[in-house]
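**Student:** Just dropping this structure here.
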Amino acid sequence: MSVEAREARQPWILLSPALSAVGLLLFVPLGFILVYSFWLRTASGADQVGFYLDNWRAALSDPFYRDILLNTLKIAAITTGICALMGYPAAYFIARARGNKAILLLLLMLPFWISYIIRTMSWINILGVSGALNSAMLWLGIVDTPVQMLYNEPSVILGLVHFLLPFMILNVFVSLEGIDTNLEAAANSLGATRWQSFVQVTLPLSLPGLAAGGLLCFVLGAGTYITPMVLGGPSNAMFANLVYEAIITQLNWPLGSALSLMLLAVLGALVLIYNRYLGMAQLMKGLG
Amino acid sequence: MGGGLGWQLVRGWAMLVYAFMFLPVAVVVLLSFNASEFGAFPMSGFSLRWFVELANNEAILRAFRTSIILGLLTAAISTTLGVLASLALVRYRVPAANMISTLLIAPILVPEVVLAVALLLFLNFLNINKSFTLLLMGHVIFTLPFVILVVQARLVSIRRDVEEAAMSLGANPVQTFFQVTLPLMLPAVLAGALFAFTISFDDITGTLFWKPGGVETVPTQIFAMLRNSISPEINALGTVMILLTVGLPLLGLALARQLSKKRGG
């Protein structure tokens with residue numbers, strides 16, 4: 001074999017383990033559940049192989065599923081909005097702060113290292129009947145008996161914001177860091193006030209970071225089932241909880257496949273729209 | 001930046017955001033030292049009894065063992081696959097490199113629940129049931145993109161001419177890799193492995209789908225314990241987890257600093 005041919009083959013040898021892993025453990029399984037979603041789980045518990053539309057009909061037309069899907073998207077949207085409002089100024093502060101920026105950044109990274117389940121359950125200590133907030137209110141005489149502040153939609157949103165906020169801050173921070181501060185100075189020297197130069201120069205330039213953070217918050221928020229299980233009540237199930245129910249509790253795997261693919265289609269469409277207009281590069285910057 | 005009113009507001013807001021991020025976690029740590037029987041306020045005194053109970057709780061120790069073994073194996077496999085792929089992408093002209101990158105990143109673009117369902121049902125179809133093997137495969141596939149992103153970002157900064165110098169002095173490609181490239185890459189490799197380990201150690205979303213009955217990792221153990229009620233023991237377990245997952249990377253960072261200082265970097 002010629003040297004050139006060997007050279008050309010080398011990268012493929014290096015890539016093949018990772019590519020086959022992704023192929024065999026992600027793409028083939030996704031194809032498989034697409035086929036599986038047309039099978040039928042019979043009363044006996046066996047799968048009837050064939051081409052049945054029953055699961056898809058249920059997933060797409062049952063108002064129960066539709067309402068929960070819409071509610072899931074609503075919760076994800078509110079969460080993303082709150083993350084943006086809380087996260088943008090914080091990211092701006094870190095990006096423009098003088099002095100111990102390294103410490104501020106390290107503090108920003110710390111939540112990523114604290115387990116998701118611990119951060120989620122930590123709110124039980126705060127909002128629970130015998131939690132910090134109730135103890136404080138009782139002590140101050142604001143209430144006579146403890147108030148249950150958990151297991152409702154706001155507590156689910158709160159948990160999600162706590163989980164997702166670092167993703168937003170990091171993405172906005174990365175894009176703010178990439179903006180030449182001279183641009184703002186130039187705007188100021190041309191007579192813009194600090195607020196004007198922020199709104200007309202810095203903010204538009206940082207929108208890609210805000211969009212990347214928003215996409216991550218939305219997709220991760222809409223795909224979770226742990227937060228509603230820990231911080232939500234029986235009526236706060238999100239779409240991923242339906243998937244969990246179908247697969248783990250009811251063992252109706254064909255229906256679970258259809259529901260999973262529905263979630264993938266909705267969230268995948270968002271990722272594709274994002275990719276079409278902004279490209280993946282911005283997202284990768286924030287993740288790497 | 002001066003001390004204008006706007007800036008003061010931004011600073012105050014940022015401090016509130018930091019407080020929001022860290023106060024609940026601080027309360028977990030605080031309550032884990034609570035002497036009282038119930039995991040709640042008011043605290044009745046300082047005590048280490050919940051840590052002692054943790055150390056005597058067979059189920060929790062087993063969960064720790066499972067999590068650590070799973071994390072180490074995941075890190076080893078995922079880092080190996082990730083480093084090889086990153087080398088190919090950074091060091092060679094690969095046709096359609098962009099598409100290949102996207103394919104390799106795909107496991108984090110797909111919602112984890114969907115990935116979990118697909119892998120579970122497909123491997124079950126192949127008669128691989130819920131097992132440690134399934135758990136390991138699942139953890140490898142969703143940590144791989146993170147490893148690739150981290151390692152690739154670091155690899156770009158290693159200069160090619162050092163390798164070329166080694167080759168021109170007569171080293172063959174394998175010798176060059178092990179004696180020149182690998183030592184230079186070591187920080188990137190370690191960062192990737194650490195990343196994979198912590199992600200695997202923390203995961204619950206996929207793990208709940210893949211774990212066989214009776215096997216628990218630390219996060220699923222906490223989740224199962226939450227079903228009863230929040231106890232000081234869970235807070236103590238949370239404190240230990242925080243020490244591990246925050247302490248280890250901080251130690252790694254400090255170590256990396258020391259190493260680069262020694263090298264005079």
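Here, A, B, ... name the chains of the structure tokens in the order displayed, residue numbers run from 1 inside each chain, and ligands are numbered from 1 in the same displayed order.
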Quick one: residues within 12 Å of region 238-243 of chain B, only C-alpha atoms counted, chain neighbours fewer than 5 positions away excluded, as a ChimeraX atom specification?
**Tutor:** /A:110-122 /B:22,24-33,48,50-52,54-55,60-61,63-64,67-68,198,201-202,217-219,221-223,225-226,230-233,248-251
**Student:** How would the residues just picked look written out with C-alpha atoms as a PDB file, in the first residue's frame?
**Tutor:**
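Output (selection-v4.pdb):
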```pdb
ATOM      1  CA  LEU A 110     -19.161  24.717  40.762  1.00  0.00           C
ATOM      2  CA  PRO A 111     -22.908  24.013  40.348  1.00  0.00           C
ATOM      3  CA  PHE A 112     -22.089  21.809  37.335  1.00  0.00           C
ATOM      4  CA  TRP A 113     -20.115  19.592  39.655  1.00  0.00           C
ATOM      5  CA  ILE A 114     -22.802  19.316  42.310  1.00  0.00           C
ATOM      6  CA  SER A 115     -25.087  16.432  41.552  1.00  0.00           C
ATOM      7  CA  TYR A 116     -28.402  17.281  39.890  1.00  0.00           C
ATOM      8  CA  ILE A 117     -30.379  15.118  42.330  1.00  0.00           C
ATOM      9  CA  ILE A 118     -28.791  16.860  45.325  1.00  0.00           C
ATOM     10  CA  ARG A 119     -29.453  20.323  43.934  1.00  0.00           C
ATOM     11  CA  THR A 120     -33.043  19.280  43.242  1.00  0.00           C
ATOM     12  CA  MET A 121     -33.706  17.764  46.638  1.00  0.00           C
ATOM     13  CA  SER A 122     -32.018  20.709  48.395  1.00  0.00           C
TER      14      SER A 122
ATOM     15  CA  PHE B  22     -25.481  28.206  46.600  1.00  0.00           C
ATOM     16  CA  PRO B  24     -29.900  25.614  49.089  1.00  0.00           C
ATOM     17  CA  VAL B  25     -26.737  23.544  48.796  1.00  0.00           C
ATOM     18  CA  ALA B  26     -25.292  25.221  51.888  1.00  0.00           C
ATOM     19  CA  VAL B  27     -28.469  24.283  53.777  1.00  0.00           C
ATOM     20  CA  VAL B  28     -27.961  20.619  52.794  1.00  0.00           C
ATOM     21  CA  VAL B  29     -24.466  20.708  54.273  1.00  0.00           C
ATOM     22  CA  LEU B  30     -25.645  22.565  57.376  1.00  0.00           C
ATOM     23  CA  LEU B  31     -28.522  20.157  58.063  1.00  0.00           C
ATOM     24  CA  SER B  32     -26.302  17.113  57.660  1.00  0.00           C
ATOM     25  CA  PHE B  33     -24.705  18.110  60.971  1.00  0.00           C
ATOM     26  CA  LEU B  48     -21.626  13.717  63.226  1.00  0.00           C
ATOM     27  CA  TRP B  50     -25.544  10.891  60.423  1.00  0.00           C
ATOM     28  CA  PHE B  51     -22.123  10.400  58.877  1.00  0.00           C
ATOM     29  CA  VAL B  52     -21.517   7.481  61.219  1.00  0.00           C
ATOM     30  CA  LEU B  54     -23.927   6.460  56.533  1.00  0.00           C
ATOM     31  CA  ALA B  55     -20.692   4.579  57.059  1.00  0.00           C
ATOM     32  CA  ILE B  60     -25.265   3.166  50.626  1.00  0.00           C
ATOM     33  CA  LEU B  61     -21.770   1.688  50.677  1.00  0.00           C
ATOM     34  CA  ALA B  63     -24.201   2.223  45.896  1.00  0.00           C
ATOM     35  CA  PHE B  64     -20.892   4.046  46.287  1.00  0.00           C
ATOM     36  CA  SER B  67     -20.996   4.355  41.199  1.00  0.00           C
ATOM     37  CA  ILE B  68     -17.211   4.460  41.502  1.00  0.00           C
ATOM     38  CA  THR B 198     -18.172  13.179  37.171  1.00  0.00           C
ATOM     39  CA  PHE B 201     -21.146   9.627  38.792  1.00  0.00           C
ATOM     40  CA  ASP B 202     -23.946  12.232  38.784  1.00  0.00           C
ATOM     41  CA  THR B 217     -25.868   4.075  42.132  1.00  0.00           C
ATOM     42  CA  VAL B 218     -25.511   6.922  44.606  1.00  0.00           C
ATOM     43  CA  PRO B 219     -27.956   9.251  42.784  1.00  0.00           C
ATOM     44  CA  GLN B 221     -30.092   5.561  46.016  1.00  0.00           C
ATOM     45  CA  ILE B 222     -30.764   9.171  47.047  1.00  0.00           C
ATOM     46  CA  PHE B 223     -33.792   9.209  44.745  1.00  0.00           C
ATOM     47  CA  MET B 225     -34.541   7.397  49.841  1.00  0.00           C
ATOM     48  CA  LEU B 226     -36.415  10.607  48.922  1.00  0.00           C
ATOM     49  CA  ILE B 230     -36.023  13.741  53.597  1.00  0.00           C
ATOM     50  CA  SER B 231     -33.846  12.595  56.466  1.00  0.00           C
ATOM     51  CA  PRO B 232     -30.608  13.955  57.897  1.00  0.00           C
ATOM     52  CA  GLU B 233     -29.000  10.857  56.423  1.00  0.00           C
ATOM     53  CA  LEU B 248     -11.887  16.018  43.238  1.00  0.00           C
ATOM     54  CA  PRO B 249     -11.995  18.449  40.292  1.00  0.00           C
ATOM     55  CA  LEU B 250     -10.630  21.253  42.493  1.00  0.00           C
ATOM     56  CA  LEU B 251      -7.779  18.949  43.489  1.00  0.00           C
TER      57      LEU B 251
END
```
**Student:** Using only C-alpha atoms, determine which residues lie at most 8 Å from region 41-44 of chain A, disregarding the query and same-chain residues fewer than 2 positions distant; provide the list as a ChimeraX atom specification.
**Tutor:** /A:39,46-48,252-255
**Student:** Any chance you could export the current selection's N, CA, C and O atoms as a PDB file, in the first residue's frame?
**Tutor:**
```pdb
ATOM      1  N   TRP A  39     -45.383  -1.561  16.542  1.00  0.00           N
ATOM      2  CA  TRP A  39     -45.834  -2.847  17.056  1.00  0.00           C
ATOM      3  C   TRP A  39     -46.918  -2.587  18.089  1.00  0.00           C
ATOM      4  O   TRP A  39     -47.214  -1.449  18.426  1.00  0.00           O
ATOM      5  N   ALA A  46     -47.207  -9.749  25.507  1.00  0.00           N
ATOM      6  CA  ALA A  46     -46.271 -10.007  24.415  1.00  0.00           C
ATOM      7  C   ALA A  46     -46.409  -8.906  23.371  1.00  0.00           C
ATOM      8  O   ALA A  46     -47.427  -8.238  23.292  1.00  0.00           O
ATOM      9  N   ASP A  47     -45.363  -8.716  22.569  1.00  0.00           N
ATOM     10  CA  ASP A  47     -45.433  -7.710  21.515  1.00  0.00           C
ATOM     11  C   ASP A  47     -45.912  -8.349  20.229  1.00  0.00           C
ATOM     12  O   ASP A  47     -45.414  -9.385  19.818  1.00  0.00           O
ATOM     13  N   GLN A  48     -46.899  -7.713  19.615  1.00  0.00           N
ATOM     14  CA  GLN A  48     -47.387  -8.184  18.333  1.00  0.00           C
ATOM     15  C   GLN A  48     -46.623  -7.433  17.249  1.00  0.00           C
ATOM     16  O   GLN A  48     -46.744  -6.217  17.137  1.00  0.00           O
ATOM     17  N   ASN A 252     -45.422  -0.870  28.648  1.00  0.00           N
ATOM     18  CA  ASN A 252     -45.939  -0.805  27.273  1.00  0.00           C
ATOM     19  C   ASN A 252     -44.867  -0.167  26.394  1.00  0.00           C
ATOM     20  O   ASN A 252     -44.860   1.032  26.153  1.00  0.00           O
ATOM     21  N   TRP A 253     -43.932  -1.023  25.938  1.00  0.00           N
ATOM     22  CA  TRP A 253     -42.763  -0.491  25.253  1.00  0.00           C
ATOM     23  C   TRP A 253     -43.064   0.108  23.884  1.00  0.00           C
ATOM     24  O   TRP A 253     -42.485   1.132  23.526  1.00  0.00           O
ATOM     25  N   PRO A 254     -43.990  -0.487  23.103  1.00  0.00           N
ATOM     26  CA  PRO A 254     -44.303   0.162  21.817  1.00  0.00           C
ATOM     27  C   PRO A 254     -44.869   1.571  22.006  1.00  0.00           C
ATOM     28  O   PRO A 254     -44.465   2.501  21.303  1.00  0.00           O
ATOM     29  N   LEU A 255     -45.774   1.735  22.975  1.00  0.00           N
ATOM     30  CA  LEU A 255     -46.321   3.076  23.230  1.00  0.00           C
ATOM     31  C   LEU A 255     -45.220   4.018  23.719  1.00  0.00           C
ATOM     32  O   LEU A 255     -45.114   5.166  23.278  1.00  0.00           O
TER      33      LEU A 255
END
```
**Student:** Output as JSON, numbers by chain the set of chain A residues within 6 Å of chain B, with distances taken over only C-alpha atoms.
**Tutor:** {"A": [11, 14, 15, 18, 29, 30, 33, 89, 90, 113, 114, 115, 118, 122, 130, 131, 223, 260, 288]}
**Student:** If DSSP is run on the backbone, what residues of region 88-224 of chain B are helix (DSSP H, G or I)? A reply as a VMD selection string would be ideal.
**Tutor:** chain B and resid 88 to 91 97 to 109 112 to 125 132 to 155 160 to 168 173 to 202 207 to 210 218 to 224
**Student:** CA of Phe197 (chain B) and CA of Glu216 (chain B) are how many Å apart?
**Tutor:**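 Straight-line distance from CA of Phe197 (chain B) to CA of Glu216 (chain B) works out to 16.8 Å.
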**Student:** Measuring atom to atom with only C-alpha atoms, identify which of A:Asn100, A:Ser189, A:Asn71, A:Thr79 is nearest to Val161 (chain A).
**Tutor:**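 Looking at the shortest contact to Val161 (chain A), the residue is A:Thr79.
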**Student:** Between CA of Asn55 (chain A) and CA of Leu26 (chain A), what is the distance in Å, rounded to a tenth?
**Tutor:** 22.2 Å
**Student:** Here is a test: counting only C-alpha atoms, which residue of A:Glu153, A:Leu127, A:Leu170, A:Ala222 is nearest to Leu105 (chain A)?
**Tutor:**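 With only C-alpha atoms as the atom set, the closest residue is A:Leu170.
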**Student:** Can you work out which one of A:Gln200, A:Phe239, A:Leu207, A:Ala185 has the shortest atom-to-atom distance to Leu278 (chain A), counting only C-alpha atoms?
**Tutor:**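 For Leu278 (chain A), the nearest of the candidates is A:Leu207.
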